[in-house]
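Q: Before anything else, here's the structure in question.
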Amino acid sequence: MIYLDNAASGGFKPTSVINAVISSLRACANPGRSGHRLALALAEHVLACRNLLSELFSGYGYERVVFTRSCTEALNIAILGALKAGDHAVCTCLEHNSVLRPLDHLRQTRGVQYDVAPLSADGTMHAEDLAALVRPNTRICCVTAASNVTGFAPDLKEIRRLLPERVLLIVDGAQGAGHLALNMRETGIDALAIAGHKGMHAMQGAAALLFSDRFDPEPVLFGGTGSESFNLQMPAFYPDRLEAGTLSYPAICSLFEGALYVKARRQEGAENLMRLTAALYAALSAMDAFESFFRPNECGIAAFRHKTLPSEEVAGILSDRFDIAVRAGLHCAPLAHRALGTFPDGLVRASFSPLQSIREVNALVGALRSM
């Protein structure tokens, strides 16, 4: 199979990640719960991963790195933990349902209001349009680091510049982390949610929320932490306050090795993804039957459609006849597709890994030309 669905889940893991997961399964202790030698050794490795992620994204120290099972969970912690009755939020139409559904849930249950910035005529999102939606009671601004439909990366630094200081900037790094240079301090990001299993090269179930020292979200999950067991309330300190239950040590080990890989090779990988998407964009531009909804980008995302065949049918043909795996539909980003005029059928999305080459592009182009 030619796997071009890396934006859904990375299909190519470095050997170091695979070996780390295998080794971790031989360790049966629970880090952070017991005081024996094995549990303490595992806890030290968990701490090392927190420190590495904080370093990689210029975060605010290991205590403000919270492990989650998905980027969705990390975004829920940030959004539900920040907003109260009477608050207002702003976001963009490029957002994933991991942002849109928590916001709409709070609209229905807490009376939180939110506004959505539109796409500009050129298919991008301008910081001015987002900042114009801010109200006196706006508490948070949620922005994707990169659209999972078009690969477009908003100017986070400009967005932060235009926002009032009191507004917290929450960034969905599901597609951007590992591909883009995301610097929390330099950009002014207050909360960064990352997915381990995409650009970070880790396994599924590995994710994290990093947050600044001016963001103090309320816990949304309650249970054991291994600390202050006498207390029926969640501890007041981080990361324990937001981490209830046993951590997935194999997932954390994979994230640690994936972060090391990204630290050493991010720029090289981003340049390769730019080349691959540029090559596909050029090829599609020369085919009358197809319309592109992306530009060359460092996240490896390429969405397009056939002018007569439904996207699901195109994806089915690629899978059944050519053994090429892509994703078709709305990609959990319905407002983006409404803005692009591709709702409800959606688009075909090919998404590349930094570990792939022009060979995969050529195989896809050859298949599309036969349609």
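Please note that chains go A, B, ... in the order of the structure tokens, that every chain numbers its residues from 1, and that ligands are numbered from 1 in the order shown.
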Quick one: everything within 12 Å of A:Tyr114, counting only C-alpha atoms, minus sequence neighbours fewer than 5 positions away in the same chain. Send it as a PyMOL selection string.

A: chain A and resi 79+83+85-93+99-108+130+133-135+137-142

Q: Find the spatial neighbours of A:Val46, counting only C-alpha atoms, within a cut-off of 8 Å - ignore same-chain residues fewer than 2 positions away - and output them as number ranges by chain.

A: A: 31, 42-44, 48-50, 249, 252-253

Q: Keeping C-alpha atoms, export the residues of the selection given above as a PDB file, in the first residue's frame.

A:
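Wrote selection.pdb, looks like this:
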ATOM      1  CA  PRO A  31       5.264   5.736  37.161  1.00  0.00           C
ATOM      2  CA  LEU A  42       9.949   5.087  34.896  1.00  0.00           C
ATOM      3  CA  ALA A  43       8.897   8.310  36.605  1.00  0.00           C
ATOM      4  CA  GLU A  44      12.296   9.814  35.785  1.00  0.00           C
ATOM      5  CA  ALA A  48      12.526  13.674  30.929  1.00  0.00           C
ATOM      6  CA  CYS A  49       9.787  13.663  28.288  1.00  0.00           C
ATOM      7  CA  ARG A  50       8.068  16.640  29.908  1.00  0.00           C
ATOM      8  CA  TYR A 249       4.062   4.842  29.719  1.00  0.00           C
ATOM      9  CA  ILE A 252       5.112   8.662  26.590  1.00  0.00           C
ATOM     10  CA  CYS A 253       8.201   6.667  25.569  1.00  0.00           C
TER      11      CYS A 253
END

Q: Would you kindly return, as a PyMOL selection string, each protein, DNA or RNA residue with an atom no farther than 8 Å from any atom of A:Tyr62, considering only C-alpha atoms and excluding same-chain residues fewer than 5 positions away?

A: chain A and resi 47+50-51+54

Q: Would you save the residues from that selection as a PDB file, in the first residue's frame, using N, CA and C atoms?

A:
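result-v3.pdb, written as the output of this step:
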ATOM      1  N   LEU A  47       9.426  12.350  33.414  1.00  0.00           N
ATOM      2  CA  LEU A  47       9.878  13.719  33.654  1.00  0.00           C
ATOM      3  C   LEU A  47      10.788  14.196  32.518  1.00  0.00           C
ATOM      4  N   ARG A  50       8.654  15.314  29.664  1.00  0.00           N
ATOM      5  CA  ARG A  50       8.068  16.640  29.908  1.00  0.00           C
ATOM      6  C   ARG A  50       9.097  17.728  29.615  1.00  0.00           C
ATOM      7  N   ASN A  51      10.294  17.546  30.117  1.00  0.00           N
ATOM      8  CA  ASN A  51      11.346  18.548  29.905  1.00  0.00           C
ATOM      9  C   ASN A  51      11.685  18.710  28.424  1.00  0.00           C
ATOM     10  N   SER A  54       8.894  20.623  26.652  1.00  0.00           N
ATOM     11  CA  SER A  54       8.958  22.034  27.032  1.00  0.00           C
ATOM     12  C   SER A  54      10.095  22.736  26.293  1.00  0.00           C
TER      13      SER A  54
END

Q: Stretch 83-205 of chain A: which residues are alpha helix (DSSP H) by DSSP, as a PyMOL selection string?

A: chain A and resi 97-109+127-131+156-162+184-187

Q: Could you please determine the separation between atom CA of A:Ile159 and atom CA of A:Leu260 in Å, to one decimal place?

A: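 Taking atom CA of A:Ile159 and atom CA of A:Leu260, their separation equals 29.2 Å.
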
Q: As number ranges by chain, list the residues of stretch 171-328 of chain A assigned to strand (DSSP E or B) by DSSP on the backbone atoms of this structure.

A: A: 171-172, 177, 180, 191-195, 207-211, 290-292, 301-306, 324-325, 327-328

Q: Pick out the residues sitting within 12 Å of A:His197, and hand them over as JSON, numbers by chain; count only C-alpha atoms, and ignore anything fewer than 2 positions along from it in its own chain.

A: {"A": [5, 6, 7, 8, 9, 10, 11, 12, 13, 14, 17, 69, 70, 71, 173, 174, 175, 176, 177, 178, 194, 195, 199, 200, 201, 202, 203, 204, 205, 206, 207, 208, 251, 252, 254, 255, 256, 257, 258, 259, 353]}

Q: I need the chosen residues saved as a PDB file, in the first residue's frame, with C-alpha atoms.

A:
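Output below, filename selection.pdb:
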ATOM      1  CA  ASP A   5      -3.177   9.473   5.050  1.00  0.00           C
ATOM      2  CA  ASN A   6      -0.510  10.805   7.400  1.00  0.00           C
ATOM      3  CA  ALA A   7      -2.624  13.779   8.505  1.00  0.00           C
ATOM      4  CA  ALA A   8      -5.046  11.280  10.059  1.00  0.00           C
ATOM      5  CA  SER A   9      -2.273   9.215  11.623  1.00  0.00           C
ATOM      6  CA  GLY A  10       1.387   9.013  10.705  1.00  0.00           C
ATOM      7  CA  GLY A  11       2.075   5.760   8.936  1.00  0.00           C
ATOM      8  CA  PHE A  12       5.851   5.752   9.235  1.00  0.00           C
ATOM      9  CA  LYS A  13       7.573   5.554  12.614  1.00  0.00           C
ATOM     10  CA  PRO A  14      11.315   5.924  13.167  1.00  0.00           C
ATOM     11  CA  VAL A  17      10.147   5.042  18.366  1.00  0.00           C
ATOM     12  CA  ARG A  69      -4.467  10.382  25.201  1.00  0.00           C
ATOM     13  CA  SER A  70      -5.178  12.665  22.231  1.00  0.00           C
ATOM     14  CA  CYS A  71      -4.949  16.213  20.971  1.00  0.00           C
ATOM     15  CA  GLY A 173      -1.117  21.845  17.027  1.00  0.00           C
ATOM     16  CA  ALA A 174      -2.485  18.539  15.731  1.00  0.00           C
ATOM     17  CA  GLN A 175      -1.211  19.148  12.186  1.00  0.00           C
ATOM     18  CA  GLY A 176       1.521  21.688  12.911  1.00  0.00           C
ATOM     19  CA  ALA A 177       3.480  20.084  15.747  1.00  0.00           C
ATOM     20  CA  GLY A 178       6.556  18.339  14.396  1.00  0.00           C
ATOM     21  CA  ILE A 194      -0.125  18.455  20.292  1.00  0.00           C
ATOM     22  CA  ALA A 195      -0.920  15.090  18.746  1.00  0.00           C
ATOM     23  CA  GLY A 199       4.040  14.986  12.814  1.00  0.00           C
ATOM     24  CA  MET A 200       5.620  13.970  16.125  1.00  0.00           C
ATOM     25  CA  HIS A 201       6.147  10.368  14.864  1.00  0.00           C
ATOM     26  CA  ALA A 202       4.814   8.784  18.080  1.00  0.00           C
ATOM     27  CA  MET A 203       2.140   6.144  18.578  1.00  0.00           C
ATOM     28  CA  GLN A 204      -1.598   6.681  18.834  1.00  0.00           C
ATOM     29  CA  GLY A 205      -2.626   7.584  22.366  1.00  0.00           C
ATOM     30  CA  ALA A 206       0.357   9.915  22.817  1.00  0.00           C
ATOM     31  CA  ALA A 207      -0.465  13.607  23.156  1.00  0.00           C
ATOM     32  CA  ALA A 208       0.116  16.571  25.418  1.00  0.00           C
ATOM     33  CA  ALA A 251       2.839   6.301  24.652  1.00  0.00           C
ATOM     34  CA  ILE A 252       5.112   8.662  26.590  1.00  0.00           C
ATOM     35  CA  SER A 254       7.154   6.903  21.936  1.00  0.00           C
ATOM     36  CA  LEU A 255       6.568  10.643  22.292  1.00  0.00           C
ATOM     37  CA  PHE A 256       9.993  11.119  23.858  1.00  0.00           C
ATOM     38  CA  GLU A 257      11.748   9.391  20.961  1.00  0.00           C
ATOM     39  CA  GLY A 258       9.529  11.114  18.429  1.00  0.00           C
ATOM     40  CA  ALA A 259      10.392  14.498  19.933  1.00  0.00           C
ATOM     41  CA  SER A 353       5.077  11.929   5.680  1.00  0.00           C
TER      42      SER A 353
END

Q: Rank A:Ala328, A:Leu210, A:Val116, A:Ala78 by their smallest atom-to-atom distance to A:Glu55, using only C-alpha atoms, and report the top residue only.

A: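 Closest candidate: A:Leu210.
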
Q: My list of candidates is A:Ser34, A:Thr109, A:Ala132, A:Ala145. Which is closest to A:Glu95 when distances are computed with only C-alpha atoms?

A: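 That would be A:Ala145, the residue with the smallest distance to A:Glu95.
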
Q: Could you state the separation of atom CA of A:Ala74 and atom CA of A:Cys299 in Å, given to one decimal place?

A: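 Interatomic distance, atom CA of A:Ala74 to atom CA of A:Cys299: 20.5 Å.
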
Q: Hey, can you check how far atom CA of A:Gly346 sits from atom CA of A:Ala367?

A: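 Here the two named atoms are 19.9 Å from each other.
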
Q: Quick one: residues within 10 Å of A:Met371, only C-alpha atoms, excluding same-chain residues fewer than 4 positions away - as a list of chain:residue names?

A: A:Ala289, A:His306, A:Leu309, A:Val314, A:Ile317, A:Leu318, A:Gly366, A:Ala367

Q: Just want the 12 Å neighbourhood of A:Asp288, counted on only C-alpha atoms, with same-chain residues fewer than 4 positions away dropped. Output as a PyMOL selection string.

A: chain A and resi 283-284+292+305-308+368-369+371

Q: Restricted to N, CA and C atoms, what would the selected residues look like written as a JSON list (two decimals), in the first residue's frame?

A:
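selection_30.json, written as the output of this step:
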[["chain", "number", "residue", "atom", "x", "y", "z"],
["A", 283, "ALA", "N", 1.37, 19.14, -10.72],
["A", 283, "ALA", "CA", 0.77, 18.08, -11.55],
["A", 283, "ALA", "C", -0.74, 18.25, -11.65],
["A", 284, "LEU", "N", -1.40, 18.55, -10.53],
["A", 284, "LEU", "CA", -2.85, 18.73, -10.54],
["A", 284, "LEU", "C", -3.24, 19.96, -11.36],
["A", 292, "SER", "N", -7.57, 22.06, -7.18],
["A", 292, "SER", "CA", -6.79, 22.00, -5.93],
["A", 292, "SER", "C", -7.32, 23.00, -4.92],
["A", 305, "ARG", "N", -10.28, 17.96, -5.55],
["A", 305, "ARG", "CA", -11.48, 17.22, -5.96],
["A", 305, "ARG", "C", -11.52, 17.05, -7.47],
["A", 306, "HIS", "N", -12.21, 16.01, -7.87],
["A", 306, "HIS", "CA", -12.49, 15.77, -9.28],
["A", 306, "HIS", "C", -13.72, 16.59, -9.65],
["A", 307, "LYS", "N", -13.75, 17.15, -10.83],
["A", 307, "LYS", "CA", -14.84, 18.07, -11.19],
["A", 307, "LYS", "C", -16.16, 17.37, -11.47],
["A", 308, "THR", "N", -16.13, 16.04, -11.63],
["A", 308, "THR", "CA", -17.40, 15.32, -11.87],
["A", 308, "THR", "C", -17.60, 14.16, -10.90],
["A", 368, "LEU", "N", -4.34, 9.29, -10.71],
["A", 368, "LEU", "CA", -5.34, 10.33, -10.98],
["A", 368, "LEU", "C", -5.49, 10.59, -12.48],
["A", 369, "ARG", "N", -4.41, 10.51, -13.20],
["A", 369, "ARG", "CA", -4.48, 10.73, -14.65],
["A", 369, "ARG", "C", -5.31, 9.68, -15.36],
["A", 371, "MET", "N", -8.14, 8.55, -14.36],
["A", 371, "MET", "CA", -9.57, 8.71, -14.06],
["A", 371, "MET", "C", -10.28, 9.56, -15.12]]

Q: Could you give me, as a list of chain:residue names, the residues within 9 Å of A:Leu340, counting only C-alpha atoms and dropping anything in the same chain fewer than 2 positions from it?

A: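 Those residues are A:Leu119, A:Gly123, A:Phe293, A:Leu335, A:Ala336, A:His337, A:Arg338, A:Thr342, A:Phe343.
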
Q: Between A:Ile77, A:Leu4, A:Ala27, A:Ala279, which has the minimum distance to A:Asp216 (counting only C-alpha atoms)?

A: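 Among A:Ile77, A:Leu4, A:Ala27, A:Ala279, it is A:Ile77 that comes nearest to A:Asp216.
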